[in-house]
Amino acid sequence: MTSGRKALFKVCEPNMRAIRATILRWPKMPIGMPTGEQLFKAAVQHQIDGNLGEAERLYQSFLTDHPHRDDAYFGYGLLCLGAGRKEEAVGHFERALFIAPGNVDYWANLATANYSIGRINDAGYAHLRALRIEPGNIDIQQLRDDFAAKPHVFGESAIHSAHAPARQVYMSACVDILGKSLGDTPPPLRILEIGSYMGASLLTWAAAAERLYRKGCEILCIDPWGDSGAGQYKPGVQQALESQIAYEIFRHNAAVTGKKDNVSVIEMRATSRAALPLLGDKQFHLIYVDGGHFYDDANFDIGACHRLLSPGGIMCGDDLELQAHQCDMEFLRANTSADYVTTPNGEELHPGVTLAVHEFFGKVSAFEGFWAMRKQDGGGYQQVEFSGATGIIPGHWPEHLQDQARAHFAENQTIGALIG
Ligand SMILES: C[S@@+](CC[C@H](N)C(=O)[O-])C[C@H]1O[C@@H](n2cnc3c(N)ncnc32)[C@H](O)[C@@H]1O
């Protein structure tokens, strides 16, 4: 049955309020309807009232007897979307569309569900189909344009270092420090990032280049994106890499970033071992090491990046929860092939990063797991001073994490100024 009901889901992150508003626009069921219809009506009513368990039970029961009812699959899909079960929502919207492929609202909501799990190409296709049916539909045009223009950071595991949002602020402050100190060095500012994943850190570099550096900036991102090395991460990250969702989201964020006038993004899909030897000496002003965290990888990356970093440039990285002088060296050496471990004292750290940073630099400037060192003319390194620098609260991160970053800097006066 093709329903003529209008139900366009307009927001990226589903919430019950939007679903209620959508369902309330549905016309009332006629009185004296057959039992099956009463079941359907009751399912919708429970959904409106927020009794999702009961609504789901009734949808399932109704669909068992009425497997050709696209509107019931659609309602069930909205229920799943609102409950954060986005993959299931996709399945229900697709079933509704098998039955009623001409329904614009089903396509639009399928687009929303696909986008929210990082299937950006599928979302684009669903919008295309919707607009083929109703080329002048302004709501769907707007939705499509919003998706294309906004960074995507709410896919599963997208914000990799969500436990320490202040790190992004220190990262942006590195760009500010370089902008102030590179003096006559002509643009572009060249940034190398090893380990880009879905592009959350890329968005941080790009925002800093746009707001703090303001001249041309080139960002080279190196990552195998699941072609190798995914097995070292926790299941959500591994799955995102191997399914190529991480790469799809990265490509989207790189495209969004590339719309900034002064920023260009280049990607090399390879491991750092394959890619770094291809790059010339002293090419980069800022290098961010956030790729493989086993000791061998971190050690290789830091050593190879020394050659690539120009004097005056900053090498920095993620996931230095503890420095070697705070650890038992034997424990570190016994865990060189581990990503993330808990010490006998209950502290959590990336042992490979801690050991590799220690062996190359000794003690580094480190804040909340972010570390940074500045290269001297003679090739040595010194710690980085952030007290005169400006950092940016990561506007592409969820509000509550932005607040956490603000709280960190309210408590620690480690940075000169904070914007955003
Ligand atoms: C911790 S995530 C990076 C997070 C990202 N910088 C961010 O903040 O959003 C690590 C990434 O490193 C990549 N990676 C793993 N081994 C690598 C290697 N040998 N060379 C380059 N990248 C690697 C993984 O594919 C993964 O995407």
# chains A, B, ... in the order shown; residues from 1 in each chain; ligands from 1
call {"tool": "closest_atom_pairs", "arguments": {"of": "chain A", "to": "ligand 1", "cutoff": "7 Å", "atoms": "only C-alpha atoms and all ligand atoms", "output": "tab-separated table"}}
result
residue	atom	partner	partner_atom_place_in_ligand_line	distance
A:Ala158	CA	ligand 1	9 (O)	6.9
A:Ile159	CA	ligand 1	9 (O)	5.9
A:His160	CA	ligand 1	9 (O)	5.2
A:Ser161	CA	ligand 1	8 (O)	6.2
A:Ile194	CA	ligand 1	21 (C)	5.2
A:Gly195	CA	ligand 1	12 (O)	3.4
A:Ser196	CA	ligand 1	6 (N)	4.3
A:Tyr197	CA	ligand 1	27 (O)	3.2
A:Met198	CA	ligand 1	9 (O)	5.7
A:Gly199	CA	ligand 1	9 (O)	5.2
A:Ala200	CA	ligand 1	9 (O)	4.0
A:Ser201	CA	ligand 1	8 (O)	4.1
A:Ile222	CA	ligand 1	21 (C)	5.6
A:Asp223	CA	ligand 1	22 (N)	3.8
A:Pro224	CA	ligand 1	25 (O)	5.3
A:Trp225	CA	ligand 1	25 (O)	4.4
A:Gly226	CA	ligand 1	25 (O)	5.5
A:Ser228	CA	ligand 1	16 (N)	7.0
A:Gly229	CA	ligand 1	16 (N)	5.0
A:Ala230	CA	ligand 1	25 (O)	5.9
A:Leu241	CA	ligand 1	25 (O)	6.6
A:Ala270	CA	ligand 1	21 (C)	6.5
A:Thr271	CA	ligand 1	20 (N)	3.5
A:Ser272	CA	ligand 1	20 (N)	3.9
A:Arg273	CA	ligand 1	19 (N)	6.3
A:Asp290	CA	ligand 1	6 (N)	5.3
A:Gly291	CA	ligand 1	12 (O)	3.4
A:Gly292	CA	ligand 1	16 (N)	3.6
A:Asp297	CA	ligand 1	19 (N)	6.0
call {"tool": "residues_around", "arguments": {"residues": "Ile393 in chain A", "least_positions_apart": "6", "cutoff": "10 Å", "atoms": "only C-alpha atoms", "output": "mmCIF file with all heavy atoms, in the first residue's frame"}}
result
data_model
loop_
_atom_site.group_PDB
_atom_site.id
_atom_site.type_symbol
_atom_site.label_atom_id
_atom_site.label_comp_id
_atom_site.auth_asym_id
_atom_site.auth_seq_id
_atom_site.Cartn_x
_atom_site.Cartn_y
_atom_site.Cartn_z
ATOM 1 N N PRO A 165 38.717 15.903 25.183
ATOM 2 C CA PRO A 165 38.486 16.903 24.126
ATOM 3 C C PRO A 165 39.461 18.082 24.172
ATOM 4 O O PRO A 165 39.661 18.750 23.158
ATOM 5 C CB PRO A 165 37.046 17.370 24.377
ATOM 6 C CG PRO A 165 36.719 16.938 25.762
ATOM 7 C CD PRO A 165 37.553 15.745 26.067
ATOM 8 N N ALA A 166 40.089 18.322 25.341
ATOM 9 C CA ALA A 166 41.038 19.444 25.429
ATOM 10 C C ALA A 166 42.210 19.258 24.467
ATOM 11 O O ALA A 166 42.853 20.233 24.059
ATOM 12 C CB ALA A 166 41.550 19.574 26.860
ATOM 13 N N ARG A 167 42.472 18.003 24.078
ATOM 14 C CA ARG A 167 43.591 17.763 23.156
ATOM 15 C C ARG A 167 43.427 18.558 21.859
ATOM 16 O O ARG A 167 44.400 19.044 21.294
ATOM 17 C CB ARG A 167 43.681 16.279 22.792
ATOM 18 C CG ARG A 167 44.042 15.395 23.951
ATOM 19 C CD ARG A 167 44.104 13.939 23.520
ATOM 20 N NE ARG A 167 44.145 13.062 24.674
ATOM 21 C CZ ARG A 167 44.245 11.747 24.619
ATOM 22 N NH1 ARG A 167 44.316 11.149 23.454
ATOM 23 N NH2 ARG A 167 44.275 11.014 25.711
ATOM 24 N N GLN A 168 42.190 18.656 21.396
ATOM 25 C CA GLN A 168 41.956 19.373 20.133
ATOM 26 C C GLN A 168 42.344 20.840 20.258
ATOM 27 O O GLN A 168 42.775 21.464 19.290
ATOM 28 C CB GLN A 168 40.476 19.277 19.727
ATOM 29 C CG GLN A 168 39.909 17.882 19.731
ATOM 30 C CD GLN A 168 40.541 16.968 18.699
ATOM 31 O OE1 GLN A 168 40.606 17.313 17.528
ATOM 32 N NE2 GLN A 168 41.018 15.812 19.133
ATOM 33 N N VAL A 169 42.173 21.379 21.457
ATOM 34 C CA VAL A 169 42.493 22.792 21.673
ATOM 35 C C VAL A 169 44.011 22.992 21.595
ATOM 36 O O VAL A 169 44.501 23.937 20.968
ATOM 37 C CB VAL A 169 41.937 23.266 23.033
ATOM 38 C CG1 VAL A 169 42.275 24.730 23.262
ATOM 39 C CG2 VAL A 169 40.433 23.034 23.094
ATOM 40 N N TYR A 170 44.761 22.079 22.211
ATOM 41 C CA TYR A 170 46.223 22.175 22.131
ATOM 42 C C TYR A 170 46.688 22.004 20.683
ATOM 43 O O TYR A 170 47.629 22.651 20.242
ATOM 44 C CB TYR A 170 46.883 21.121 23.025
ATOM 45 C CG TYR A 170 46.687 21.377 24.501
ATOM 46 C CD1 TYR A 170 45.854 20.572 25.265
ATOM 47 C CD2 TYR A 170 47.338 22.435 25.130
ATOM 48 C CE1 TYR A 170 45.671 20.803 26.622
ATOM 49 C CE2 TYR A 170 47.166 22.676 26.490
ATOM 50 C CZ TYR A 170 46.326 21.852 27.226
ATOM 51 O OH TYR A 170 46.151 22.100 28.563
ATOM 52 N N SER A 172 45.077 22.897 17.960
ATOM 53 C CA SER A 172 44.860 24.153 17.233
ATOM 54 C C SER A 172 45.869 25.210 17.685
ATOM 55 O O SER A 172 46.334 26.026 16.883
ATOM 56 C CB SER A 172 43.424 24.649 17.426
ATOM 57 O OG SER A 172 43.167 24.905 18.786
ATOM 58 N N THR A 204 39.957 19.587 13.006
ATOM 59 C CA THR A 204 40.591 20.488 13.978
ATOM 60 C C THR A 204 41.715 21.291 13.318
ATOM 61 O O THR A 204 41.815 22.510 13.491
ATOM 62 C CB THR A 204 41.142 19.669 15.162
ATOM 63 O OG1 THR A 204 40.035 19.097 15.859
ATOM 64 C CG2 THR A 204 41.955 20.523 16.120
ATOM 65 N N ALA A 207 40.143 23.900 10.966
ATOM 66 C CA ALA A 207 39.538 25.046 11.669
ATOM 67 C C ALA A 207 40.633 25.986 12.160
ATOM 68 O O ALA A 207 40.507 27.220 12.080
ATOM 69 C CB ALA A 207 38.695 24.550 12.841
ATOM 70 N N ALA A 208 41.730 25.409 12.643
ATOM 71 C CA ALA A 208 42.833 26.243 13.137
ATOM 72 C C ALA A 208 43.475 27.010 11.985
ATOM 73 O O ALA A 208 43.809 28.194 12.118
ATOM 74 C CB ALA A 208 43.865 25.366 13.840
ATOM 75 N N LEU A 401 31.058 17.657 24.974
ATOM 76 C CA LEU A 401 32.512 17.492 24.954
ATOM 77 C C LEU A 401 33.206 18.852 24.830
ATOM 78 O O LEU A 401 34.286 19.065 25.385
ATOM 79 C CB LEU A 401 32.917 16.551 23.816
ATOM 80 C CG LEU A 401 32.423 15.108 24.006
ATOM 81 C CD1 LEU A 401 32.708 14.263 22.777
ATOM 82 C CD2 LEU A 401 33.072 14.470 25.230
ATOM 83 N N GLN A 402 32.566 19.773 24.125
ATOM 84 C CA GLN A 402 33.102 21.143 24.087
ATOM 85 C C GLN A 402 33.117 21.722 25.506
ATOM 86 O O GLN A 402 34.078 22.386 25.911
ATOM 87 C CB GLN A 402 32.249 22.022 23.187
ATOM 88 C CG GLN A 402 32.293 21.638 21.719
ATOM 89 C CD GLN A 402 31.503 22.618 20.858
ATOM 90 O OE1 GLN A 402 31.462 23.810 21.126
ATOM 91 N NE2 GLN A 402 30.872 22.107 19.817
ATOM 92 N N ASP A 403 32.042 21.460 26.256
ATOM 93 C CA ASP A 403 31.969 21.967 27.635
ATOM 94 C C ASP A 403 33.074 21.363 28.497
ATOM 95 O O ASP A 403 33.662 22.036 29.336
ATOM 96 C CB ASP A 403 30.598 21.646 28.256
ATOM 97 C CG ASP A 403 29.505 22.510 27.644
ATOM 98 O OD1 ASP A 403 29.848 23.530 26.999
ATOM 99 O OD2 ASP A 403 28.320 22.161 27.788
ATOM 100 N N GLN A 404 33.348 20.077 28.252
ATOM 101 C CA GLN A 404 34.445 19.432 29.008
ATOM 102 C C GLN A 404 35.768 20.135 28.735
ATOM 103 O O GLN A 404 36.576 20.342 29.632
ATOM 104 C CB GLN A 404 34.582 17.976 28.575
ATOM 105 C CG GLN A 404 33.752 17.004 29.381
ATOM 106 C CD GLN A 404 34.016 15.565 28.905
ATOM 107 O OE1 GLN A 404 35.126 15.212 28.517
ATOM 108 N NE2 GLN A 404 32.982 14.761 28.922
ATOM 109 N N ALA A 405 35.984 20.498 27.471
ATOM 110 C CA ALA A 405 37.232 21.186 27.113
ATOM 111 C C ALA A 405 37.284 22.552 27.802
ATOM 112 O O ALA A 405 38.317 22.941 28.362
ATOM 113 C CB ALA A 405 37.340 21.337 25.597
ATOM 114 N N ARG A 406 36.154 23.269 27.800
ATOM 115 C CA ARG A 406 36.119 24.584 28.471
ATOM 116 C C ARG A 406 36.433 24.423 29.955
ATOM 117 O O ARG A 406 37.181 25.209 30.541
ATOM 118 C CB ARG A 406 34.741 25.241 28.305
ATOM 119 C CG ARG A 406 34.527 25.785 26.911
ATOM 120 C CD ARG A 406 33.250 26.610 26.783
ATOM 121 N NE ARG A 406 32.960 26.783 25.374
ATOM 122 C CZ ARG A 406 32.136 26.010 24.662
ATOM 123 N NH1 ARG A 406 31.467 25.039 25.245
ATOM 124 N NH2 ARG A 406 31.966 26.211 23.378
ATOM 125 N N LEU A 418 41.408 31.352 24.603
ATOM 126 C CA LEU A 418 40.527 30.294 24.105
ATOM 127 C C LEU A 418 39.438 30.946 23.272
ATOM 128 O O LEU A 418 38.821 31.909 23.719
ATOM 129 C CB LEU A 418 39.905 29.616 25.329
ATOM 130 C CG LEU A 418 39.330 28.222 25.207
ATOM 131 C CD1 LEU A 418 40.381 27.255 24.699
ATOM 132 C CD2 LEU A 418 38.822 27.779 26.581
ATOM 133 N N ILE A 419 39.207 30.430 22.066
ATOM 134 C CA ILE A 419 38.079 30.975 21.306
ATOM 135 C C ILE A 419 37.094 29.854 20.968
ATOM 136 O O ILE A 419 37.472 28.703 20.854
ATOM 137 C CB ILE A 419 38.512 31.737 20.028
ATOM 138 C CG1 ILE A 419 39.405 30.896 19.127
ATOM 139 C CG2 ILE A 419 39.190 33.022 20.386
ATOM 140 C CD1 ILE A 419 39.798 31.621 17.847
ATOM 141 N N GLY A 420 35.838 30.253 20.839
ATOM 142 C CA GLY A 420 34.786 29.296 20.491
ATOM 143 C C GLY A 420 34.151 28.690 21.715
ATOM 144 O O GLY A 420 34.615 28.799 22.823
#
call {"tool": "residues_around", "arguments": {"residues": "Lys363 in chain A", "least_positions_apart": "5", "cutoff": "8 Å", "atoms": "only C-alpha atoms", "output": "list in words"}}
result
Gln323, Ala324, His325 and His358 of chain A
call {"tool": "write_last_selection", "arguments": {"atoms": "C-alpha atoms", "output": "tab-separated table (two decimals), in the first residue's frame"}}
result
chain	number	residue	atom	x	y	z
A	323	GLN	CA	55.37	9.52	30.16
A	324	ALA	CA	58.06	6.90	30.67
A	325	HIS	CA	59.38	8.56	33.85
A	358	HIS	CA	60.66	8.53	25.54
call {"tool": "residues_around", "arguments": {"residues": "His396 in chain A", "least_positions_apart": "4", "cutoff": "8 Å", "atoms": "only C-alpha atoms", "output": "compact mmCIF listing (two decimals) with all heavy atoms, in the first residue's frame"}}
result
# COMPACT_ATOMS: atom_id res chain seq x y z
N PRO A 151 30.35 18.91 8.66
CA PRO A 151 31.24 17.81 9.03
C PRO A 151 30.43 16.67 9.62
O PRO A 151 29.36 16.90 10.19
CB PRO A 151 32.14 18.40 10.11
CG PRO A 151 31.92 19.85 10.10
CD PRO A 151 30.61 20.12 9.44
N VAL A 153 30.59 13.91 12.38
CA VAL A 153 31.36 13.37 13.51
C VAL A 153 30.49 12.56 14.45
O VAL A 153 30.90 12.27 15.56
CB VAL A 153 32.08 14.47 14.32
CG1 VAL A 153 33.22 15.06 13.55
CG2 VAL A 153 31.13 15.54 14.78
N LEU A 203 39.59 17.94 10.85
CA LEU A 203 38.69 19.09 11.00
C LEU A 203 39.28 20.10 11.99
O LEU A 203 39.12 21.31 11.83
CB LEU A 203 37.31 18.62 11.48
CG LEU A 203 36.51 17.82 10.44
CD1 LEU A 203 35.33 17.11 11.10
CD2 LEU A 203 36.02 18.70 9.30
call {"tool": "closest_residue", "arguments": {"among": "A:Arg307, A:His152, A:Arg333, A:His285", "to": "Ala254 in chain A", "atoms": "only C-alpha atoms"}}
result
A:His152
call {"tool": "closest_residue", "arguments": {"among": "A:Asn121, A:Ser181, A:Ser264, A:Asn253", "to": "Glu218 in chain A", "atoms": "only C-alpha atoms"}}
result
A:Ser264
call {"tool": "residues_around", "arguments": {"residues": "Tyr233 in chain A", "least_positions_apart": "5", "cutoff": "9 Å", "atoms": "only C-alpha atoms", "output": "JSON, numbers by chain"}}
result
{"A": [238, 339, 340]}
call {"tool": "select_by_dssp", "arguments": {"residues": "range 46-236 of chain A", "states": "strand (DSSP E or B)", "output": "VMD selection string"}}
result
chain A and resid 189 to 194 217 to 222
call {"tool": "write_last_selection", "arguments": {"atoms": "C-alpha atoms", "output": "PDB file, in the first residue's frame"}}
result
ATOM      1  CA  LEU A 189      51.694  25.959   6.072  1.00  0.00           C
ATOM      2  CA  ARG A 190      52.267  22.256   5.507  1.00  0.00           C
ATOM      3  CA  ILE A 191      50.737  19.787   7.943  1.00  0.00           C
ATOM      4  CA  LEU A 192      51.294  16.027   7.862  1.00  0.00           C
ATOM      5  CA  GLU A 193      48.877  13.794   9.731  1.00  0.00           C
ATOM      6  CA  ILE A 194      49.622  10.102  10.233  1.00  0.00           C
ATOM      7  CA  CYS A 217      47.492  25.533   4.348  1.00  0.00           C
ATOM      8  CA  GLU A 218      48.032  22.059   2.893  1.00  0.00           C
ATOM      9  CA  ILE A 219      47.195  18.996   4.951  1.00  0.00           C
ATOM     10  CA  LEU A 220      48.481  15.579   3.903  1.00  0.00           C
ATOM     11  CA  CYS A 221      46.644  12.667   5.541  1.00  0.00           C
ATOM     12  CA  ILE A 222      48.230   9.213   5.583  1.00  0.00           C
TER      13      ILE A 222
END
call {"tool": "atom_distance", "arguments": {"atom1": "CA of Ile138 in chain A", "atom2": "CA of Asp105 in chain A"}}
result
12.7 Å
call {"tool": "decode", "arguments": {"residues": "range 304-322 of chain A", "atoms": "N, CA, C and O atoms", "output": "PDB file, in the first residue's frame"}}
result
ATOM      1  N   ALA A 304      61.054   8.621  11.365  1.00  0.00           N
ATOM      2  CA  ALA A 304      60.930   9.043   9.965  1.00  0.00           C
ATOM      3  C   ALA A 304      60.464  10.498   9.879  1.00  0.00           C
ATOM      4  O   ALA A 304      60.871  11.242   8.980  1.00  0.00           O
ATOM      5  N   CYS A 305      59.633  10.913  10.803  1.00  0.00           N
ATOM      6  CA  CYS A 305      59.105  12.282  10.746  1.00  0.00           C
ATOM      7  C   CYS A 305      60.158  13.316  11.109  1.00  0.00           C
ATOM      8  O   CYS A 305      60.062  14.477  10.697  1.00  0.00           O
ATOM      9  N   HIS A 306      61.157  12.905  11.859  1.00  0.00           N
ATOM     10  CA  HIS A 306      62.253  13.831  12.180  1.00  0.00           C
ATOM     11  C   HIS A 306      62.880  14.367  10.887  1.00  0.00           C
ATOM     12  O   HIS A 306      63.160  15.559  10.752  1.00  0.00           O
ATOM     13  N   ARG A 307      63.060  13.484   9.928  1.00  0.00           N
ATOM     14  CA  ARG A 307      63.641  13.888   8.630  1.00  0.00           C
ATOM     15  C   ARG A 307      62.703  14.832   7.870  1.00  0.00           C
ATOM     16  O   ARG A 307      63.141  15.738   7.167  1.00  0.00           O
ATOM     17  N   LEU A 308      61.412  14.646   8.044  1.00  0.00           N
ATOM     18  CA  LEU A 308      60.435  15.403   7.249  1.00  0.00           C
ATOM     19  C   LEU A 308      60.110  16.774   7.831  1.00  0.00           C
ATOM     20  O   LEU A 308      59.525  17.621   7.158  1.00  0.00           O
ATOM     21  N   LEU A 309      60.478  16.984   9.107  1.00  0.00           N
ATOM     22  CA  LEU A 309      60.077  18.214   9.801  1.00  0.00           C
ATOM     23  C   LEU A 309      61.097  19.326   9.574  1.00  0.00           C
ATOM     24  O   LEU A 309      62.304  19.122   9.727  1.00  0.00           O
ATOM     25  N   SER A 310      60.607  20.507   9.231  1.00  0.00           N
ATOM     26  CA  SER A 310      61.523  21.632   9.018  1.00  0.00           C
ATOM     27  C   SER A 310      61.958  22.202  10.374  1.00  0.00           C
ATOM     28  O   SER A 310      61.217  22.096  11.358  1.00  0.00           O
ATOM     29  N   PRO A 311      63.138  22.815  10.445  1.00  0.00           N
ATOM     30  CA  PRO A 311      63.558  23.452  11.696  1.00  0.00           C
ATOM     31  C   PRO A 311      62.536  24.517  12.099  1.00  0.00           C
ATOM     32  O   PRO A 311      62.017  25.240  11.248  1.00  0.00           O
ATOM     33  N   GLY A 312      62.237  24.589  13.372  1.00  0.00           N
ATOM     34  CA  GLY A 312      61.193  25.510  13.842  1.00  0.00           C
ATOM     35  C   GLY A 312      59.823  24.856  13.848  1.00  0.00           C
ATOM     36  O   GLY A 312      58.872  25.387  14.420  1.00  0.00           O
ATOM     37  N   GLY A 313      59.718  23.696  13.190  1.00  0.00           N
ATOM     38  CA  GLY A 313      58.427  23.008  13.112  1.00  0.00           C
ATOM     39  C   GLY A 313      58.106  22.245  14.391  1.00  0.00           C
ATOM     40  O   GLY A 313      58.958  22.077  15.268  1.00  0.00           O
ATOM     41  N   ILE A 314      56.866  21.796  14.477  1.00  0.00           N
ATOM     42  CA  ILE A 314      56.410  21.070  15.671  1.00  0.00           C
ATOM     43  C   ILE A 314      56.034  19.643  15.287  1.00  0.00           C
ATOM     44  O   ILE A 314      55.285  19.431  14.325  1.00  0.00           O
ATOM     45  N   MET A 315      56.586  18.674  16.041  1.00  0.00           N
ATOM     46  CA  MET A 315      56.101  17.298  15.933  1.00  0.00           C
ATOM     47  C   MET A 315      55.235  17.040  17.164  1.00  0.00           C
ATOM     48  O   MET A 315      55.621  17.405  18.279  1.00  0.00           O
ATOM     49  N   CYS A 316      54.080  16.462  16.956  1.00  0.00           N
ATOM     50  CA  CYS A 316      53.178  16.237  18.081  1.00  0.00           C
ATOM     51  C   CYS A 316      52.415  14.940  17.853  1.00  0.00           C
ATOM     52  O   CYS A 316      52.529  14.322  16.795  1.00  0.00           O
ATOM     53  N   GLY A 317      51.660  14.535  18.846  1.00  0.00           N
ATOM     54  CA  GLY A 317      50.935  13.280  18.686  1.00  0.00           C
ATOM     55  C   GLY A 317      49.897  13.090  19.775  1.00  0.00           C
ATOM     56  O   GLY A 317      49.752  13.909  20.689  1.00  0.00           O
ATOM     57  N   ASP A 318      49.220  11.973  19.651  1.00  0.00           N
ATOM     58  CA  ASP A 318      48.100  11.686  20.544  1.00  0.00           C
ATOM     59  C   ASP A 318      48.455  10.496  21.438  1.00  0.00           C
ATOM     60  O   ASP A 318      49.441   9.787  21.202  1.00  0.00           O
ATOM     61  N   ASP A 319      47.647  10.293  22.454  1.00  0.00           N
ATOM     62  CA  ASP A 319      47.664   9.056  23.244  1.00  0.00           C
ATOM     63  C   ASP A 319      48.913   8.845  24.091  1.00  0.00           C
ATOM     64  O   ASP A 319      49.386   7.718  24.243  1.00  0.00           O
ATOM     65  N   LEU A 320      49.441   9.939  24.639  1.00  0.00           N
ATOM     66  CA  LEU A 320      50.523   9.815  25.622  1.00  0.00           C
ATOM     67  C   LEU A 320      49.914  10.098  26.999  1.00  0.00           C
ATOM     68  O   LEU A 320      50.076  11.182  27.558  1.00  0.00           O
ATOM     69  N   GLU A 321      49.238   9.099  27.527  1.00  0.00           N
ATOM     70  CA  GLU A 321      48.559   9.301  28.815  1.00  0.00           C
ATOM     71  C   GLU A 321      49.569   9.452  29.942  1.00  0.00           C
ATOM     72  O   GLU A 321      49.358  10.204  30.893  1.00  0.00           O
ATOM     73  N   LEU A 322      50.658   8.672  29.846  1.00  0.00           N
ATOM     74  CA  LEU A 322      51.718   8.742  30.856  1.00  0.00           C
ATOM     75  C   LEU A 322      53.058   8.799  30.142  1.00  0.00           C
ATOM     76  O   LEU A 322      53.227   8.185  29.085  1.00  0.00           O
TER      77      LEU A 322
END
